[in-house]
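Undergrad: Supplied structure: my_file-v4.cif, mmCIF, C-alpha atoms.
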```
data_entry
loop_
_atom_site.group_PDB
_atom_site.id
_atom_site.type_symbol
_atom_site.label_atom_id
_atom_site.label_comp_id
_atom_site.auth_asym_id
_atom_site.auth_seq_id
_atom_site.Cartn_x
_atom_site.Cartn_y
_atom_site.Cartn_z
ATOM 1 C CA MET D 828 85.600 79.144 56.597
ATOM 2 C CA ASP D 829 83.299 81.845 55.259
ATOM 3 C CA PHE D 830 83.305 84.931 57.504
ATOM 4 C CA HIS D 831 80.846 86.931 55.421
ATOM 5 C CA GLY D 832 77.957 87.987 57.618
ATOM 6 C CA ILE D 833 79.554 86.733 60.828
ATOM 7 C CA ASP D 834 78.065 88.234 63.984
ATOM 8 C CA LEU D 835 80.750 90.266 65.756
ATOM 9 C CA ASN D 836 78.949 89.565 69.022
ATOM 10 C CA LEU D 837 79.994 85.928 68.651
ATOM 11 C CA LEU D 838 83.646 86.935 68.838
ATOM 12 C CA ALA D 839 82.885 89.142 71.849
ATOM 13 C CA ALA D 840 81.152 86.157 73.471
ATOM 14 C CA PHE D 841 84.200 83.991 72.756
ATOM 15 C CA ASP D 842 86.458 86.621 74.346
ATOM 16 C CA ALA D 843 84.226 86.757 77.433
ATOM 17 C CA LEU D 844 84.274 82.969 77.762
ATOM 18 C CA VAL D 845 88.070 82.908 77.494
ATOM 19 C CA GLU D 846 88.413 85.483 80.246
ATOM 20 C CA GLU D 847 85.683 84.301 82.601
ATOM 21 C CA ARG D 848 85.918 80.506 82.085
ATOM 22 C CA ASN D 849 82.270 80.365 83.141
ATOM 23 C CA VAL D 850 79.079 80.671 81.058
ATOM 24 C CA THR D 851 77.135 82.544 83.747
ATOM 25 C CA ARG D 852 79.887 85.113 84.390
ATOM 26 C CA ALA D 853 80.476 85.530 80.659
ATOM 27 C CA ALA D 854 76.750 86.196 80.207
ATOM 28 C CA VAL D 855 76.827 88.872 82.924
ATOM 29 C CA ARG D 856 79.873 90.423 81.293
ATOM 30 C CA MET D 857 78.083 90.544 77.916
ATOM 31 C CA GLY D 858 74.770 91.712 79.392
ATOM 32 C CA VAL D 859 72.837 88.710 78.087
ATOM 33 C CA SER D 860 71.019 85.763 79.628
ATOM 34 C CA GLN D 861 72.751 82.475 80.390
ATOM 35 C CA PRO D 862 70.715 80.613 77.702
ATOM 36 C CA ALA D 863 71.772 83.246 75.174
ATOM 37 C CA MET D 864 75.446 82.747 76.106
ATOM 38 C CA SER D 865 75.042 78.964 75.873
ATOM 39 C CA ALA D 866 73.517 79.416 72.419
ATOM 40 C CA ALA D 867 76.441 81.640 71.412
ATOM 41 C CA LEU D 868 78.875 78.959 72.557
ATOM 42 C CA SER D 869 77.015 76.388 70.461
ATOM 43 C CA ARG D 870 77.251 78.655 67.398
ATOM 44 C CA LEU D 871 80.953 79.249 68.052
ATOM 45 C CA ARG D 872 81.579 75.506 68.178
ATOM 46 C CA THR D 873 79.860 75.137 64.832
ATOM 47 C CA LEU D 874 81.705 78.098 63.334
ATOM 48 C CA PHE D 875 85.174 76.910 64.379
ATOM 49 C CA GLU D 876 84.415 73.178 64.140
ATOM 50 C CA ASP D 877 85.858 72.612 67.599
ATOM 51 C CA PRO D 878 84.451 72.142 71.148
ATOM 52 C CA LEU D 879 86.476 75.237 72.196
ATOM 53 C CA PHE D 880 85.730 74.792 75.925
ATOM 54 C CA LEU D 881 85.544 71.646 78.054
ATOM 55 C CA ARG D 882 83.883 71.520 81.460
ATOM 56 C CA SER D 883 86.076 70.754 84.485
ATOM 57 C CA ALA D 884 86.183 71.296 88.242
ATOM 58 C CA GLU D 885 88.158 74.511 87.580
ATOM 59 C CA GLY D 886 85.544 75.830 85.135
ATOM 60 C CA LEU D 887 85.630 75.883 81.348
ATOM 61 C CA LEU D 888 89.028 74.815 80.036
ATOM 62 C CA PRO D 889 89.907 76.099 76.540
ATOM 63 C CA THR D 890 90.945 73.539 73.954
ATOM 64 C CA PRO D 891 94.217 74.023 72.043
ATOM 65 C CA ARG D 892 92.177 75.564 69.217
ATOM 66 C CA ALA D 893 90.592 78.056 71.628
ATOM 67 C CA ARG D 894 93.995 78.946 73.061
ATOM 68 C CA ASP D 895 95.297 79.648 69.557
ATOM 69 C CA LEU D 896 92.297 81.871 68.823
ATOM 70 C CA ALA D 897 92.199 83.734 72.138
ATOM 71 C CA GLY D 898 95.043 86.171 71.522
ATOM 72 C CA PRO D 899 94.197 87.185 67.943
ATOM 73 C CA VAL D 900 90.479 87.538 68.723
ATOM 74 C CA ALA D 901 91.145 89.644 71.813
ATOM 75 C CA ASP D 902 93.603 91.861 69.931
ATOM 76 C CA ALA D 903 91.144 92.379 67.082
ATOM 77 C CA LEU D 904 88.336 93.320 69.454
ATOM 78 C CA ARG D 905 90.547 95.763 71.366
ATOM 79 C CA ARG D 906 91.646 97.398 68.106
ATOM 80 C CA LEU D 907 88.026 97.797 67.023
ATOM 81 C CA GLU D 908 87.124 99.230 70.404
ATOM 82 C CA ALA D 909 89.988 101.715 70.239
ATOM 83 C CA ALA D 910 88.970 102.779 66.727
ATOM 84 C CA LEU D 911 85.214 103.011 67.273
ATOM 85 C CA VAL D 912 84.804 104.083 70.894
ATOM 86 C CA LYS D 913 86.246 107.466 71.814
ATOM 87 C CA LYS D 914 87.369 107.344 75.429
ATOM 88 C CA PRO D 915 87.959 110.452 77.524
ATOM 89 C CA GLU D 916 91.580 111.309 78.182
ATOM 90 C CA PHE D 917 92.860 110.174 81.554
ATOM 91 C CA ASP D 918 94.118 113.018 83.748
ATOM 92 C CA PRO D 919 95.698 111.502 86.884
ATOM 93 C CA ALA D 920 95.865 114.894 88.598
ATOM 94 C CA ARG D 921 92.081 115.288 88.469
ATOM 95 C CA VAL D 922 90.655 111.811 89.116
ATOM 96 C CA ALA D 923 89.561 110.248 92.385
ATOM 97 C CA MET D 924 89.800 106.465 92.188
ATOM 98 C CA ASP D 925 91.300 103.354 93.735
ATOM 99 C CA PHE D 926 93.791 100.869 92.331
ATOM 100 C CA THR D 927 94.506 97.415 93.719
ATOM 101 C CA LEU D 928 97.925 95.904 93.047
ATOM 102 C CA GLY D 929 99.122 92.369 93.590
ATOM 103 C CA LEU D 930 102.689 92.495 94.909
ATOM 104 C CA SER D 931 104.973 89.773 96.136
ATOM 105 C CA ASP D 932 107.353 90.731 98.960
ATOM 106 C CA TYR D 933 110.284 91.891 96.845
ATOM 107 C CA PRO D 934 108.486 94.377 94.530
ATOM 108 C CA ALA D 935 106.462 95.630 97.513
ATOM 109 C CA PHE D 936 109.704 96.426 99.306
ATOM 110 C CA VAL D 937 111.502 97.858 96.264
ATOM 111 C CA LEU D 938 108.746 99.626 94.312
ATOM 112 C CA LEU D 939 106.034 100.585 96.787
ATOM 113 C CA PRO D 940 107.761 103.583 98.466
ATOM 114 C CA ALA D 941 108.590 105.144 95.082
ATOM 115 C CA LEU D 942 105.073 104.436 93.788
ATOM 116 C CA LEU D 943 103.392 106.099 96.757
ATOM 117 C CA ASN D 944 105.679 109.109 96.426
ATOM 118 C CA ALA D 945 104.830 109.408 92.719
ATOM 119 C CA LEU D 946 101.092 109.115 93.367
ATOM 120 C CA GLU D 947 101.287 111.806 96.035
ATOM 121 C CA LYS D 948 102.874 114.194 93.535
ATOM 122 C CA LYS D 949 101.109 113.262 90.295
ATOM 123 C CA ALA D 950 97.759 111.802 91.348
ATOM 124 C CA PRO D 951 96.742 112.889 94.857
ATOM 125 C CA GLY D 952 93.184 111.630 94.327
ATOM 126 C CA ILE D 953 94.291 108.048 93.672
ATOM 127 C CA SER D 954 94.441 105.602 96.581
ATOM 128 C CA LEU D 955 96.147 102.241 96.530
ATOM 129 C CA SER D 956 95.394 98.832 97.994
ATOM 130 C CA VAL D 957 97.888 95.964 97.940
ATOM 131 C CA ARG D 958 97.187 92.246 97.945
ATOM 132 C CA SER D 959 100.097 89.944 98.648
ATOM 133 C CA PHE D 960 100.697 86.582 97.016
ATOM 134 C CA SER D 961 103.425 83.968 97.322
ATOM 135 C CA SER D 962 102.736 81.366 94.625
ATOM 136 C CA ARG D 963 103.872 82.656 91.248
ATOM 137 C CA ASP D 964 100.553 81.663 89.640
ATOM 138 C CA SER D 965 98.390 83.326 92.294
ATOM 139 C CA ALA D 966 98.627 86.616 90.387
ATOM 140 C CA VAL D 967 96.839 84.984 87.441
ATOM 141 C CA ASP D 968 94.009 83.829 89.718
ATOM 142 C CA LEU D 969 93.656 87.313 91.221
ATOM 143 C CA LEU D 970 93.586 88.924 87.774
ATOM 144 C CA ASP D 971 91.071 86.402 86.454
ATOM 145 C CA ALA D 972 88.807 87.128 89.425
ATOM 146 C CA GLY D 973 89.115 90.892 88.888
ATOM 147 C CA LEU D 974 90.496 91.339 92.417
ATOM 148 C CA ILE D 975 93.569 93.288 91.284
ATOM 149 C CA ASP D 976 94.292 95.736 88.467
ATOM 150 C CA ALA D 977 97.856 94.551 87.879
ATOM 151 C CA ALA D 978 100.604 92.606 89.614
ATOM 152 C CA VAL D 979 104.369 92.598 89.900
ATOM 153 C CA GLY D 980 105.985 89.264 90.628
ATOM 154 C CA VAL D 981 107.940 86.330 89.278
ATOM 155 C CA PRO D 982 106.592 85.334 85.830
ATOM 156 C CA PRO D 983 103.739 82.790 85.878
ATOM 157 C CA THR D 984 104.691 79.177 85.207
ATOM 158 C CA GLN D 985 102.560 78.972 82.047
ATOM 159 C CA ALA D 986 101.900 81.505 79.315
ATOM 160 C CA GLU D 987 98.204 82.378 78.979
ATOM 161 C CA SER D 988 96.907 84.466 76.076
ATOM 162 C CA ARG D 989 94.562 86.404 78.367
ATOM 163 C CA ILE D 990 97.424 87.317 80.719
ATOM 164 C CA LEU D 991 100.003 89.855 79.513
ATOM 165 C CA THR D 992 103.457 90.232 81.025
ATOM 166 C CA ARG D 993 106.494 92.454 80.628
ATOM 167 C CA PRO D 994 109.830 92.228 82.511
ATOM 168 C CA ILE D 995 110.441 95.385 84.548
ATOM 169 C CA LEU D 996 112.821 94.413 87.364
ATOM 170 C CA ARG D 997 115.937 92.268 87.655
ATOM 171 C CA ASP D 998 118.323 91.596 90.488
ATOM 172 C CA ASP D 999 121.499 89.603 91.134
ATOM 173 C CA PHE D 1000 122.272 87.299 94.017
ATOM 174 C CA VAL D 1001 124.841 87.933 96.741
ATOM 175 C CA THR D 1002 126.056 85.682 99.527
ATOM 176 C CA ILE D 1003 126.080 87.276 102.976
ATOM 177 C CA VAL D 1004 127.727 86.600 106.342
ATOM 178 C CA ARG D 1005 127.960 88.781 109.430
ATOM 179 C CA ARG D 1006 130.812 91.279 109.394
ATOM 180 C CA ASP D 1007 132.697 89.780 112.335
ATOM 181 C CA HIS D 1008 132.293 86.212 111.074
ATOM 182 C CA PRO D 1009 135.604 84.268 111.199
ATOM 183 C CA ASP D 1010 135.358 83.598 107.451
ATOM 184 C CA ALA D 1011 134.427 87.171 106.467
ATOM 185 C CA ARG D 1012 138.030 88.211 105.771
ATOM 186 C CA ARG D 1013 138.971 85.105 103.814
ATOM 187 C CA GLY D 1014 136.366 85.521 101.108
ATOM 188 C CA MET D 1015 133.661 83.121 100.062
ATOM 189 C CA SER D 1016 135.221 80.121 98.388
ATOM 190 C CA LEU D 1017 133.083 77.131 97.520
ATOM 191 C CA LYS D 1018 134.782 75.183 100.322
ATOM 192 C CA THR D 1019 133.903 77.871 102.877
ATOM 193 C CA PHE D 1020 130.399 78.170 101.442
ATOM 194 C CA LEU D 1021 129.756 74.438 101.919
ATOM 195 C CA SER D 1022 131.182 74.406 105.439
ATOM 196 C CA LEU D 1023 128.636 76.931 106.765
ATOM 197 C CA PRO D 1024 125.005 76.425 107.809
ATOM 198 C CA HIS D 1025 122.628 78.112 105.357
ATOM 199 C CA VAL D 1026 119.391 80.063 105.510
ATOM 200 C CA LEU D 1027 116.941 79.685 102.626
ATOM 201 C CA ALA D 1028 114.136 82.155 101.933
ATOM 202 C CA SER D 1029 111.265 80.305 100.272
ATOM 203 C CA PRO D 1030 107.809 81.959 100.124
ATOM 204 C CA GLU D 1031 106.329 78.615 99.107
ATOM 205 C CA GLY D 1032 107.959 76.670 101.936
ATOM 206 C CA ASP D 1033 110.436 74.683 99.829
ATOM 207 C CA ARG D 1034 113.724 73.386 101.197
ATOM 208 C CA HIS D 1035 115.372 73.418 97.786
ATOM 209 C CA GLY D 1036 116.211 76.537 95.790
ATOM 210 C CA LEU D 1037 118.336 77.858 92.923
ATOM 211 C CA VAL D 1038 121.510 77.490 94.990
ATOM 212 C CA ASP D 1039 120.749 73.822 95.597
ATOM 213 C CA GLU D 1040 120.147 73.282 91.871
ATOM 214 C CA ALA D 1041 123.487 74.922 91.017
ATOM 215 C CA LEU D 1042 125.294 72.845 93.638
ATOM 216 C CA ALA D 1043 123.638 69.643 92.435
ATOM 217 C CA GLN D 1044 125.150 70.226 88.988
ATOM 218 C CA LEU D 1045 128.541 70.169 90.725
ATOM 219 C CA GLY D 1046 127.647 67.078 92.742
ATOM 220 C CA LYS D 1047 127.570 69.138 95.960
ATOM 221 C CA ARG D 1048 125.066 69.799 98.748
ATOM 222 C CA ARG D 1049 124.892 72.548 101.352
ATOM 223 C CA LYS D 1050 123.862 72.380 105.012
ATOM 224 C CA LEU D 1051 120.407 73.897 105.289
ATOM 225 C CA ALA D 1052 119.833 75.090 108.844
ATOM 226 C CA LEU D 1053 116.747 77.235 108.361
ATOM 227 C CA SER D 1054 114.013 77.713 105.756
ATOM 228 C CA LEU D 1055 111.592 80.607 106.176
ATOM 229 C CA PRO D 1056 109.060 82.414 103.958
ATOM 230 C CA GLN D 1057 110.078 86.020 104.720
ATOM 231 C CA MET D 1058 113.082 86.962 102.571
ATOM 232 C CA PHE D 1059 113.580 90.310 104.307
ATOM 233 C CA ALA D 1060 114.074 88.579 107.663
ATOM 234 C CA VAL D 1061 117.117 86.710 106.330
ATOM 235 C CA PRO D 1062 119.765 89.484 106.652
ATOM 236 C CA ALA D 1063 118.835 90.069 110.301
ATOM 237 C CA VAL D 1064 119.131 86.341 111.031
ATOM 238 C CA VAL D 1065 122.523 86.117 109.326
ATOM 239 C CA ALA D 1066 123.772 89.280 111.108
ATOM 240 C CA GLN D 1067 123.265 87.613 114.496
ATOM 241 C CA THR D 1068 124.379 84.033 113.767
ATOM 242 C CA ARG D 1069 127.235 82.156 112.127
ATOM 243 C CA MET D 1070 124.943 81.230 109.240
ATOM 244 C CA THR D 1071 125.205 82.368 105.642
ATOM 245 C CA ALA D 1072 122.544 83.025 103.022
ATOM 246 C CA THR D 1073 122.303 83.825 99.336
ATOM 247 C CA VAL D 1074 119.738 86.556 98.701
ATOM 248 C CA MET D 1075 118.877 89.162 96.110
ATOM 249 C CA LYS D 1076 121.264 92.091 96.265
ATOM 250 C CA ARG D 1077 118.647 94.767 97.024
ATOM 251 C CA VAL D 1078 117.352 92.676 99.941
ATOM 252 C CA ALA D 1079 120.783 92.871 101.559
ATOM 253 C CA LEU D 1080 121.571 96.474 100.606
ATOM 254 C CA HIS D 1081 118.315 97.870 101.981
ATOM 255 C CA SER D 1082 118.233 95.788 105.143
ATOM 256 C CA PRO D 1083 118.495 97.579 108.524
ATOM 257 C CA ALA D 1084 121.210 95.008 109.255
ATOM 258 C CA ARG D 1085 123.302 96.055 106.222
ATOM 259 C CA ARG D 1086 126.179 97.501 108.281
ATOM 260 C CA MET D 1087 126.537 94.208 110.114
ATOM 261 C CA LEU D 1088 126.964 92.199 106.903
ATOM 262 C CA VAL D 1089 129.619 91.437 104.316
ATOM 263 C CA LEU D 1090 128.469 90.734 100.756
ATOM 264 C CA PHE D 1091 130.250 88.311 98.416
ATOM 265 C CA PRO D 1092 129.573 87.083 94.888
ATOM 266 C CA PRO D 1093 128.093 83.584 95.207
ATOM 267 C CA PRO D 1094 130.702 80.864 94.611
ATOM 268 C CA VAL D 1095 128.299 79.155 92.177
ATOM 269 C CA ALA D 1096 126.816 80.588 88.992
ATOM 270 C CA LEU D 1097 123.255 81.825 89.522
ATOM 271 C CA PRO D 1098 120.866 83.471 87.059
ATOM 272 C CA GLN D 1099 119.395 86.907 87.572
ATOM 273 C CA VAL D 1100 115.952 87.003 89.129
ATOM 274 C CA GLN D 1101 113.294 88.587 86.917
ATOM 275 C CA PHE D 1102 110.079 90.257 88.061
ATOM 276 C CA ASP D 1103 107.308 90.952 85.565
ATOM 277 C CA LEU D 1104 104.513 93.466 85.361
ATOM 278 C CA ILE D 1105 101.438 91.252 84.900
ATOM 279 C CA TRP D 1106 97.971 92.337 83.796
ATOM 280 C CA HIS D 1107 94.804 90.975 82.229
ATOM 281 C CA ARG D 1108 94.074 91.490 78.561
ATOM 282 C CA ARG D 1109 90.667 92.940 79.467
ATOM 283 C CA SER D 1110 92.420 96.006 80.924
ATOM 284 C CA GLU D 1111 94.863 96.467 78.042
ATOM 285 C CA THR D 1112 93.113 99.536 76.593
ATOM 286 C CA ASN D 1113 91.800 101.021 79.834
ATOM 287 C CA PRO D 1114 93.403 104.514 80.014
ATOM 288 C CA ALA D 1115 93.696 104.593 83.817
ATOM 289 C CA GLN D 1116 95.280 101.165 84.053
ATOM 290 C CA ALA D 1117 97.567 101.874 81.117
ATOM 291 C CA TRP D 1118 98.766 104.974 82.976
ATOM 292 C CA LEU D 1119 99.386 102.932 86.136
ATOM 293 C CA ARG D 1120 101.381 100.327 84.229
ATOM 294 C CA ALA D 1121 103.487 103.014 82.538
ATOM 295 C CA LEU D 1122 104.177 104.592 85.930
ATOM 296 C CA LEU D 1123 105.275 101.260 87.409
ATOM 297 C CA GLU D 1124 107.584 100.649 84.458
ATOM 298 C CA SER D 1125 109.176 104.088 84.731
ATOM 299 C CA LEU D 1126 109.760 103.657 88.472
ATOM 300 C CA ALA D 1127 111.301 100.230 87.953
ATOM 301 C CA LYS D 1128 113.546 101.600 85.209
ATOM 302 C CA ALA D 1129 114.759 104.342 87.535
ATOM 303 C CA LEU D 1130 116.006 101.702 89.961
#
```
I'd like the structure from this file rewritten - as structure tokens, please.
TA:
Amino acid sequence: MDFHGIDLNLLAAFDALVEERNVTRAAVRMGVSQPAMSAALSRLRTLFEDPLFLRSAEGLLPTPRARDLAGPVADALRRLEAALVKKPEFDPARVAMDFTLGLSDYPAFVLLPALLNALEKKAPGISLSVRSFSSRDSAVDLLDAGLIDAAVGVPPTQAESRILTRPILRDDFVTIVRRDHPDARRGMSLKTFLSLPHVLASPEGDRHGLVDEALAQLGKRRKLALSLPQMFAVPAVVAQTRMTATVMKRVALHSPARRMLVLFPPPVALPQVQFDLIWHRRSETNPAQAWLRALLESLAKAL
């Protein structure tokens, strides 16, 4: 392929199509007409000898070739932008602006108080809005639509070149029972664990979780008495019943019902839970959003 004389705007058009998945929105993003964007797509298909995007009910779906190109093209354009366009330094203490974060329940509970405290001290002119999501891929949809600046949640199910992620939080599981439970003094053996009714926190409404997968490998099943979407309601339920639950450690430690609970290591091997900082490639070089992401990372590290 001969790149001599290639129009850089074609690569910018490709980047816009990758991010927007829609010719009309990509045209608006580029400041051109829809026919002009359609013509650019036709030239791109000729240049790369590939359809690049296929129409579907969900919008334009990138071909494997387009997926391979998306990351390198976006990185090259961002590097050029950083080199050629001098952006003013971001001073959080002086700006007045709004950020919108996508937070699932756990990072909202763990990170939000520290974040608000930091903003009050370092950036009093910045206000914050939070959008909740339960499905792990909902953050990608919110970022694609430009409805949030960044998200913190469980990693998306599929890697997308336009979506960037970085692990910032991890937590272990603990098994909890109420303090005056008859089995609280005997410890949490697998036999005891299986004899008790269980509570499962599932934001997506499932009745099968990591504990059930671990038990299945042992040929065992537990008695599921309750499934509910609110994980932070679980300790209070356990504290007032003879049920048990396996939850993330910080959920139990920070619960108002903590003094009424006993915490045990789960009697089955469970992986750590990882939460990622998630953002769109289009905001990678934005100074304000880069500052926000760095702040979130530093707060998570302090935990």
Undergrad: Considering all atoms listed in the file, can you say which of D:Arg906, D:His1008, D:Arg892, D:Arg958 comes closest to Leu1088 in chain D?
TA: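 For Leu1088 in chain D, the nearest of the given residues is D:His1008.
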Undergrad: The PyMOL selection byres ((chain D and resi 1014) around 12) - which residues does that actually catch in the file I just gave you? List them as a VMD selection string.
TA: chain D and resid 1002 to 1004 1006 1008 to 1013 1015 to 1020 1089 to 1094
Undergrad: Give as a ChimeraX atom specification each residue that has an atom at most 12 Å from (106.6, 105.1, 87.1) in the file, counting only C-alpha atoms.
TA: /D:938-946,948-950,995,1104,1117-1130
Undergrad: Emit the selected residues as an mmCIF file, keeping the file's coordinate frame, including C-alpha atoms.
TA:
```cif
data_model
loop_
_atom_site.group_PDB
_atom_site.id
_atom_site.type_symbol
_atom_site.label_atom_id
_atom_site.label_comp_id
_atom_site.auth_asym_id
_atom_site.auth_seq_id
_atom_site.Cartn_x
_atom_site.Cartn_y
_atom_site.Cartn_z
ATOM 1 C CA LEU D 938 108.746 99.626 94.312
ATOM 2 C CA LEU D 939 106.034 100.585 96.787
ATOM 3 C CA PRO D 940 107.761 103.583 98.466
ATOM 4 C CA ALA D 941 108.590 105.144 95.082
ATOM 5 C CA LEU D 942 105.073 104.436 93.788
ATOM 6 C CA LEU D 943 103.392 106.099 96.757
ATOM 7 C CA ASN D 944 105.679 109.109 96.426
ATOM 8 C CA ALA D 945 104.830 109.408 92.719
ATOM 9 C CA LEU D 946 101.092 109.115 93.367
ATOM 10 C CA LYS D 948 102.874 114.194 93.535
ATOM 11 C CA LYS D 949 101.109 113.262 90.295
ATOM 12 C CA ALA D 950 97.759 111.802 91.348
ATOM 13 C CA ILE D 995 110.441 95.385 84.548
ATOM 14 C CA LEU D 1104 104.513 93.466 85.361
ATOM 15 C CA ALA D 1117 97.567 101.874 81.117
ATOM 16 C CA TRP D 1118 98.766 104.974 82.976
ATOM 17 C CA LEU D 1119 99.386 102.932 86.136
ATOM 18 C CA ARG D 1120 101.381 100.327 84.229
ATOM 19 C CA ALA D 1121 103.487 103.014 82.538
ATOM 20 C CA LEU D 1122 104.177 104.592 85.930
ATOM 21 C CA LEU D 1123 105.275 101.260 87.409
ATOM 22 C CA GLU D 1124 107.584 100.649 84.458
ATOM 23 C CA SER D 1125 109.176 104.088 84.731
ATOM 24 C CA LEU D 1126 109.760 103.657 88.472
ATOM 25 C CA ALA D 1127 111.301 100.230 87.953
ATOM 26 C CA LYS D 1128 113.546 101.600 85.209
ATOM 27 C CA ALA D 1129 114.759 104.342 87.535
ATOM 28 C CA LEU D 1130 116.006 101.702 89.961
#
```
Undergrad: Looking at D:Glu947, D:Glu846, D:Asp998, D:Asp902, which one is nearest to Ala920 in chain D, with distances taken over all atoms listed in the file?
TA: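 Closest to Ala920 in chain D of all the choices is D:Glu947.
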Undergrad: Interatomic distance between CA of Ile953 in chain D and CA of Asp1103 in chain D?
TA: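 Distance reported for this atom pair: 23.0 Å.
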Undergrad: Work out how far apart CA of Ala863 in chain D and CA of Ala893 in chain D are and give it in Å to one decimal.
TA: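 Taking CA of Ala863 in chain D as the start and CA of Ala893 in chain D as the end point, the length is 19.8 Å.
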